[in-house]
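Chemist: What follows is upload_20.cif; its format and atoms are mmCIF, C-alpha atoms and all ligand atoms.
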```cif
data_entry
#
loop_
_atom_site.label_atom_id
_atom_site.label_comp_id
_atom_site.auth_asym_id
_atom_site.auth_seq_id
_atom_site.Cartn_x
_atom_site.Cartn_y
_atom_site.Cartn_z
CA MET A 3 7.62 64.54 -18.19
CA ALA A 4 8.16 62.57 -21.36
CA LEU A 5 7.44 59.27 -19.60
CA ASP A 6 3.75 60.14 -19.34
CA GLY A 7 1.79 57.66 -21.37
CA LEU A 8 4.68 55.19 -21.52
CA MET A 9 4.23 54.02 -17.94
CA SER A 10 1.83 51.13 -17.88
CA GLU A 11 -0.94 51.12 -15.35
CA PRO A 12 -1.08 48.35 -12.74
CA LEU A 13 -2.79 45.26 -14.08
CA THR A 14 -6.29 44.95 -12.65
CA VAL A 15 -8.88 42.21 -12.81
CA GLU A 16 -11.16 44.53 -14.78
CA ARG A 17 -8.44 45.25 -17.35
CA LEU A 18 -7.58 41.55 -17.68
CA ALA A 19 -11.26 40.75 -18.24
CA GLU A 20 -11.49 43.47 -20.87
CA GLU A 21 -8.42 42.14 -22.73
CA ASP A 22 -9.65 38.54 -22.61
CA TRP A 23 -13.21 39.42 -23.64
CA THR A 24 -14.61 37.92 -20.49
CA ASN A 25 -16.05 39.18 -17.22
CA PRO A 26 -14.22 39.95 -13.94
CA ILE A 27 -16.03 37.11 -12.13
CA THR A 28 -14.40 34.56 -14.45
CA ILE A 29 -10.95 36.10 -13.90
CA ARG A 30 -11.43 36.12 -10.11
CA SER A 31 -12.52 32.49 -10.05
CA GLN A 32 -9.51 31.52 -12.21
CA ILE A 33 -7.18 33.33 -9.77
CA LYS A 34 -8.88 31.53 -6.87
CA GLN A 35 -8.50 28.17 -8.62
CA ALA A 36 -4.79 28.83 -9.30
CA ARG A 37 -4.21 29.68 -5.63
CA ILE A 38 -5.93 26.47 -4.53
CA GLU A 39 -3.88 24.39 -6.97
CA ILE A 40 -0.57 25.96 -5.97
CA PHE A 41 -1.02 26.43 -2.20
CA GLY A 42 -3.76 23.94 -1.35
CA ARG A 43 -6.28 26.61 -0.40
CA ASN A 44 -7.44 30.11 -1.35
CA LEU A 45 -4.80 32.10 0.53
CA SER A 46 -4.71 35.90 0.74
CA ASP A 47 -1.88 37.90 -0.86
CA SER A 48 -0.20 38.47 2.51
CA ALA A 49 -0.47 34.78 3.45
CA ILE A 50 1.17 33.83 0.14
CA ALA A 51 3.97 36.37 0.71
CA TYR A 52 4.50 35.01 4.25
CA ARG A 53 4.60 31.39 3.07
CA LEU A 54 7.06 32.18 0.29
CA LYS A 55 9.29 34.06 2.74
CA LYS A 56 9.23 31.14 5.22
CA GLN A 57 9.88 28.72 2.37
CA ARG A 58 12.99 30.67 1.30
CA GLU A 59 14.29 30.70 4.88
CA ARG A 60 13.67 26.99 5.41
CA ARG A 61 16.45 24.59 4.47
CA THR A 62 15.84 21.23 2.81
CA ARG A 63 14.16 18.80 5.19
CA VAL A 64 14.10 15.03 5.12
CA CYS A 65 11.64 12.53 6.58
CA ALA A 66 11.83 11.87 10.36
CA GLU A 67 11.38 8.13 9.86
CA PRO A 68 14.71 6.34 10.55
CA ASP A 69 16.49 5.17 7.40
CA CYS A 70 14.23 7.26 5.16
CA ARG A 71 15.99 9.97 3.18
CA ARG A 72 12.98 11.14 1.18
CA PRO A 73 12.70 14.95 1.10
CA ILE A 74 9.71 16.78 2.49
CA PRO A 75 8.17 19.02 -0.20
CA SER A 76 9.35 22.62 0.17
CA LEU A 77 5.77 23.91 -0.02
CA ALA A 78 4.70 21.67 2.88
CA ASN A 79 3.71 23.09 6.25
CA GLY A 80 6.65 23.89 8.58
CA ARG A 81 5.41 21.38 11.15
CA ARG A 82 5.40 18.48 8.74
CA ARG A 83 7.87 15.75 9.78
CA TYR A 84 7.29 12.82 7.46
CA CYS A 85 7.45 12.25 3.70
CA ASP A 86 4.39 11.39 1.63
CA PHE A 87 5.02 7.68 2.15
CA HIS A 88 5.49 7.78 5.95
CA GLY A 89 3.10 10.64 6.67
CA SER A 90 -0.06 8.59 6.39
CA GLY A 91 -1.43 5.11 6.22
CA ALA A 92 0.37 2.09 7.66
CA ALA A 93 3.49 3.95 8.90
CA ARG A 94 1.41 6.48 10.83
CA LEU A 95 -0.77 3.74 12.35
CA ARG A 96 2.35 1.79 13.36
CA ARG A 97 3.81 4.83 15.18
CA HIS A 98 0.46 5.46 16.87
CA ARG A 99 0.05 1.87 18.10
CA HIS A 100 3.63 1.13 19.07
CA GLY A 101 4.97 4.51 20.20
CA VAL A 102 8.77 4.64 20.09
CA ALA A 103 8.80 0.93 19.23
CA GLY A 104 6.85 1.89 16.11
CA PHE A 105 10.11 3.08 14.61
CA LYS A 106 11.55 -0.45 14.80
CA PRO A 107 10.61 -3.05 12.21
CA ILE A 108 7.70 -5.12 13.45
CA ARG A 109 8.59 -8.73 14.18
CA PRO A 110 6.29 -11.39 12.72
CA ARG A 111 3.80 -12.87 15.16
CA ARG A 112 4.85 -15.95 17.03
CA SER A 113 2.95 -19.03 16.17
CA ARG A 114 0.37 -20.02 18.79
CA ARG A 115 0.90 -23.65 18.03
CA VAL A 116 2.29 -25.61 20.95
CA ALA A 117 5.23 -27.85 20.22
CA ASP A 118 4.29 -31.52 19.94
ZN ZN A 201 9.74 8.75 4.91
#
```
So that I can check it, write out the structure of this file as structure tokens.
Modeler:
Amino acid sequence: MALDGLMSEPLTVERLAEEDWTNPITIRSQIKQARIEIFGRNLSDSAIAYRLKKQRERRTRVCAEPDCRRPIPSLANGRRRYCDFHGSGAARLRRHRHGVAGFKPIRPRRSRRVAD
């Protein structure tokens, strides 16, 4: 067939290393670093495909904290319920200590002073 020679071979780590005048170990570590930066950890090809599929299926989510309309990042885990602001720190501690009441604004402490 006339297409012989025109079809490009699949891109391999070895070929990339050859073209960039470097070694395959460098290319592999750069791929690993890119995966960590994009997905938070060194995921396998099938795990990345699965995450991207789930991400496409998932609709836009917003924070579970009442009166908060901040979106949850689309790359976040499917179980994540709170935005960056309410997912950690003071808001999380408040929910932990006060349960359902943790969703209500905390009233200031009453003064211990006895009326004169
Ligand atoms: Zn929030």
Chemist: Dump the neighbourhood of ligand ZN 201 (chain A) as a list in words: all residues within 7 Å, distances computed on all atoms listed in the file.
Modeler: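 Written in the requested form, the residues are Cys65, Ala66, Glu67, Cys70, Arg71, Arg72, Tyr84, Cys85, Asp86, Phe87 and His88 of chain A.
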Chemist: To one decimal place, how far is atom CA of Val64 of chain A from atom CA of Ile38 of chain A in Å?
Modeler: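 Computing it gives 25.0 Å between the two atoms.
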Chemist: Using only C-alpha atoms for the distances, tell me which of A:Ile27, A:Leu18, A:Ile33, A:Ala93 is nearest to Ser46 of chain A.
Modeler: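 Once distances to Ser46 of chain A are computed over only C-alpha atoms, the minimum belongs to A:Ile33.
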Chemist: Please indicate the distance in Å from atom CA of Gln35 of chain A to atom CA of Leu54 of chain A, rounded to one decimal place.
Modeler: 18.4 Å
Chemist: Nearest residue to Gly89 of chain A out of A:Ile74, A:Val15, A:Glu20, A:Arg61, using all atoms listed in the file?
Modeler: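 Among the listed residues, the smallest separation from Gly89 of chain A belongs to A:Ile74.
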Chemist: Taking the structure in the block just given, could you write segment 64-110 of chain A with N, CA and C atoms, as a JSON list (two decimals), in the first residue's frame?
Modeler:
```
[["chain", "number", "residue", "atom", "x", "y", "z"],
["A", 64, "VAL", "N", -21.93, 22.30, 44.07],
["A", 64, "VAL", "CA", -21.64, 23.46, 44.92],
["A", 64, "VAL", "C", -21.45, 22.98, 46.36],
["A", 65, "CYS", "N", -20.88, 23.82, 47.17],
["A", 65, "CYS", "CA", -20.56, 23.53, 48.57],
["A", 65, "CYS", "C", -21.83, 23.17, 49.35],
["A", 66, "ALA", "N", -21.70, 22.21, 50.30],
["A", 66, "ALA", "CA", -22.83, 21.76, 51.11],
["A", 66, "ALA", "C", -23.12, 22.69, 52.28],
["A", 67, "GLU", "N", -22.23, 23.64, 52.53],
["A", 67, "GLU", "CA", -22.45, 24.60, 53.62],
["A", 67, "GLU", "C", -23.61, 25.52, 53.22],
["A", 68, "PRO", "N", -24.61, 25.70, 54.15],
["A", 68, "PRO", "CA", -25.73, 26.58, 53.81],
["A", 68, "PRO", "C", -25.23, 27.98, 53.45],
["A", 69, "ASP", "N", -25.87, 28.59, 52.50],
["A", 69, "ASP", "CA", -25.57, 29.95, 52.04],
["A", 69, "ASP", "C", -24.23, 30.08, 51.33],
["A", 70, "CYS", "N", -23.57, 28.99, 51.05],
["A", 70, "CYS", "CA", -22.31, 29.06, 50.28],
["A", 70, "CYS", "C", -22.58, 28.53, 48.89],
["A", 71, "ARG", "N", -22.26, 29.32, 47.89],
["A", 71, "ARG", "CA", -22.52, 28.92, 46.50],
["A", 71, "ARG", "C", -21.21, 28.66, 45.75],
["A", 72, "ARG", "N", -20.12, 28.52, 46.50],
["A", 72, "ARG", "CA", -18.83, 28.28, 45.84],
["A", 72, "ARG", "C", -18.85, 26.91, 45.18],
["A", 73, "PRO", "N", -18.32, 26.81, 43.96],
["A", 73, "PRO", "CA", -18.28, 25.50, 43.28],
["A", 73, "PRO", "C", -17.19, 24.60, 43.84],
["A", 74, "ILE", "N", -17.43, 23.31, 43.74],
["A", 74, "ILE", "CA", -16.41, 22.33, 44.10],
["A", 74, "ILE", "C", -15.63, 22.03, 42.84],
["A", 75, "PRO", "N", -14.30, 22.06, 42.90],
["A", 75, "PRO", "CA", -13.50, 21.85, 41.67],
["A", 75, "PRO", "C", -13.89, 20.55, 40.96],
["A", 76, "SER", "N", -13.97, 20.60, 39.64],
["A", 76, "SER", "CA", -14.44, 19.44, 38.87],
["A", 76, "SER", "C", -13.48, 18.26, 38.99],
["A", 77, "LEU", "N", -12.22, 18.52, 39.29],
["A", 77, "LEU", "CA", -11.25, 17.42, 39.43],
["A", 77, "LEU", "C", -11.28, 16.81, 40.82],
["A", 78, "ALA", "N", -12.06, 17.39, 41.74],
["A", 78, "ALA", "CA", -12.10, 16.89, 43.12],
["A", 78, "ALA", "C", -12.75, 15.52, 43.19],
["A", 79, "ASN", "N", -12.44, 14.80, 44.26],
["A", 79, "ASN", "CA", -13.02, 13.48, 44.50],
["A", 79, "ASN", "C", -14.55, 13.57, 44.51],
["A", 80, "GLY", "N", -15.23, 12.51, 44.06],
["A", 80, "GLY", "CA", -16.68, 12.49, 44.00],
["A", 80, "GLY", "C", -17.36, 12.61, 45.35],
["A", 81, "ARG", "N", -16.65, 12.24, 46.41],
["A", 81, "ARG", "CA", -17.23, 12.30, 47.76],
["A", 81, "ARG", "C", -17.12, 13.68, 48.40],
["A", 82, "ARG", "N", -16.34, 14.53, 47.79],
["A", 82, "ARG", "CA", -16.11, 15.84, 48.39],
["A", 82, "ARG", "C", -17.40, 16.64, 48.45],
["A", 83, "ARG", "N", -17.68, 17.27, 49.61],
["A", 83, "ARG", "CA", -18.93, 17.99, 49.81],
["A", 83, "ARG", "C", -18.75, 19.49, 50.00],
["A", 84, "TYR", "N", -17.57, 19.90, 50.42],
["A", 84, "TYR", "CA", -17.39, 21.32, 50.76],
["A", 84, "TYR", "C", -16.35, 21.98, 49.86],
["A", 85, "CYS", "N", -16.46, 23.30, 49.73],
["A", 85, "CYS", "CA", -15.52, 24.07, 48.93],
["A", 85, "CYS", "C", -14.18, 24.15, 49.67],
["A", 86, "ASP", "N", -13.21, 24.79, 49.04],
["A", 86, "ASP", "CA", -11.89, 24.91, 49.66],
["A", 86, "ASP", "C", -11.98, 25.65, 50.99],
["A", 87, "PHE", "N", -12.84, 26.65, 51.05],
["A", 87, "PHE", "CA", -12.96, 27.47, 52.26],
["A", 87, "PHE", "C", -13.61, 26.70, 53.40],
["A", 88, "HIS", "N", -14.68, 25.95, 53.12],
["A", 88, "HIS", "CA", -15.42, 25.24, 54.17],
["A", 88, "HIS", "C", -14.97, 23.79, 54.35],
["A", 89, "GLY", "N", -14.05, 23.34, 53.55],
["A", 89, "GLY", "CA", -13.62, 21.94, 53.64],
["A", 89, "GLY", "C", -12.58, 21.67, 54.70],
["A", 90, "SER", "N", -12.01, 22.71, 55.27],
["A", 90, "SER", "CA", -10.97, 22.52, 56.27],
["A", 90, "SER", "C", -10.97, 23.68, 57.25],
["A", 91, "GLY", "N", -10.18, 23.55, 58.26],
["A", 91, "GLY", "CA", -9.98, 24.65, 59.19],
["A", 91, "GLY", "C", -11.16, 24.88, 60.10],
["A", 92, "ALA", "N", -11.48, 26.15, 60.33],
["A", 92, "ALA", "CA", -12.49, 26.55, 61.33],
["A", 92, "ALA", "C", -13.87, 25.98, 61.02],
["A", 93, "ALA", "N", -14.28, 25.99, 59.75],
["A", 93, "ALA", "CA", -15.63, 25.51, 59.40],
["A", 93, "ALA", "C", -15.77, 24.02, 59.69],
["A", 94, "ARG", "N", -14.73, 23.26, 59.39],
["A", 94, "ARG", "CA", -14.76, 21.82, 59.65],
["A", 94, "ARG", "C", -14.80, 21.53, 61.15],
["A", 95, "LEU", "N", -14.01, 22.27, 61.91],
["A", 95, "LEU", "CA", -13.97, 22.12, 63.36],
["A", 95, "LEU", "C", -15.33, 22.48, 63.97],
["A", 96, "ARG", "N", -15.96, 23.50, 63.46],
["A", 96, "ARG", "CA", -17.27, 23.95, 63.95],
["A", 96, "ARG", "C", -18.31, 22.84, 63.71],
["A", 97, "ARG", "N", -18.32, 22.25, 62.54],
["A", 97, "ARG", "CA", -19.27, 21.16, 62.25],
["A", 97, "ARG", "C", -19.00, 19.97, 63.16],
["A", 98, "HIS", "N", -17.72, 19.68, 63.39],
["A", 98, "HIS", "CA", -17.35, 18.55, 64.24],
["A", 98, "HIS", "C", -17.81, 18.76, 65.67],
["A", 99, "ARG", "N", -17.60, 19.95, 66.21],
["A", 99, "ARG", "CA", -17.93, 20.23, 67.62],
["A", 99, "ARG", "C", -19.41, 20.43, 67.86],
["A", 100, "HIS", "N", -20.12, 21.00, 66.88],
["A", 100, "HIS", "CA", -21.50, 21.38, 67.13],
["A", 100, "HIS", "C", -22.50, 20.54, 66.34],
["A", 101, "GLY", "N", -22.08, 19.57, 65.59],
["A", 101, "GLY", "CA", -23.00, 18.72, 64.85],
["A", 101, "GLY", "C", -23.86, 19.54, 63.91],
["A", 102, "VAL", "N", -25.17, 19.25, 63.92],
["A", 102, "VAL", "CA", -26.10, 19.97, 63.05],
["A", 102, "VAL", "C", -26.10, 21.46, 63.39],
["A", 103, "ALA", "N", -25.95, 21.77, 64.69],
["A", 103, "ALA", "CA", -25.92, 23.17, 65.11],
["A", 103, "ALA", "C", -24.70, 23.89, 64.52],
["A", 104, "GLY", "N", -23.71, 23.12, 64.09],
["A", 104, "GLY", "CA", -22.52, 23.73, 63.51],
["A", 104, "GLY", "C", -22.81, 24.47, 62.22],
["A", 105, "PHE", "N", -23.97, 24.19, 61.62],
["A", 105, "PHE", "CA", -24.33, 24.89, 60.40],
["A", 105, "PHE", "C", -24.87, 26.29, 60.70],
["A", 106, "LYS", "N", -25.35, 26.49, 61.96],
["A", 106, "LYS", "CA", -25.89, 27.80, 62.33],
["A", 106, "LYS", "C", -24.74, 28.70, 62.76],
["A", 107, "PRO", "N", -24.91, 30.01, 62.58],
["A", 107, "PRO", "CA", -23.87, 30.92, 63.05],
["A", 107, "PRO", "C", -23.73, 30.79, 64.57],
["A", 108, "ILE", "N", -22.52, 30.81, 65.04],
["A", 108, "ILE", "CA", -22.28, 30.66, 66.47],
["A", 108, "ILE", "C", -22.54, 32.00, 67.18],
["A", 109, "ARG", "N", -23.36, 31.89, 68.23],
["A", 109, "ARG", "CA", -23.67, 33.11, 69.01],
["A", 109, "ARG", "C", -22.47, 33.46, 69.88],
["A", 110, "PRO", "N", -22.25, 34.74, 70.12],
["A", 110, "PRO", "CA", -21.14, 35.12, 71.01],
["A", 110, "PRO", "C", -21.41, 34.64, 72.43]]
```
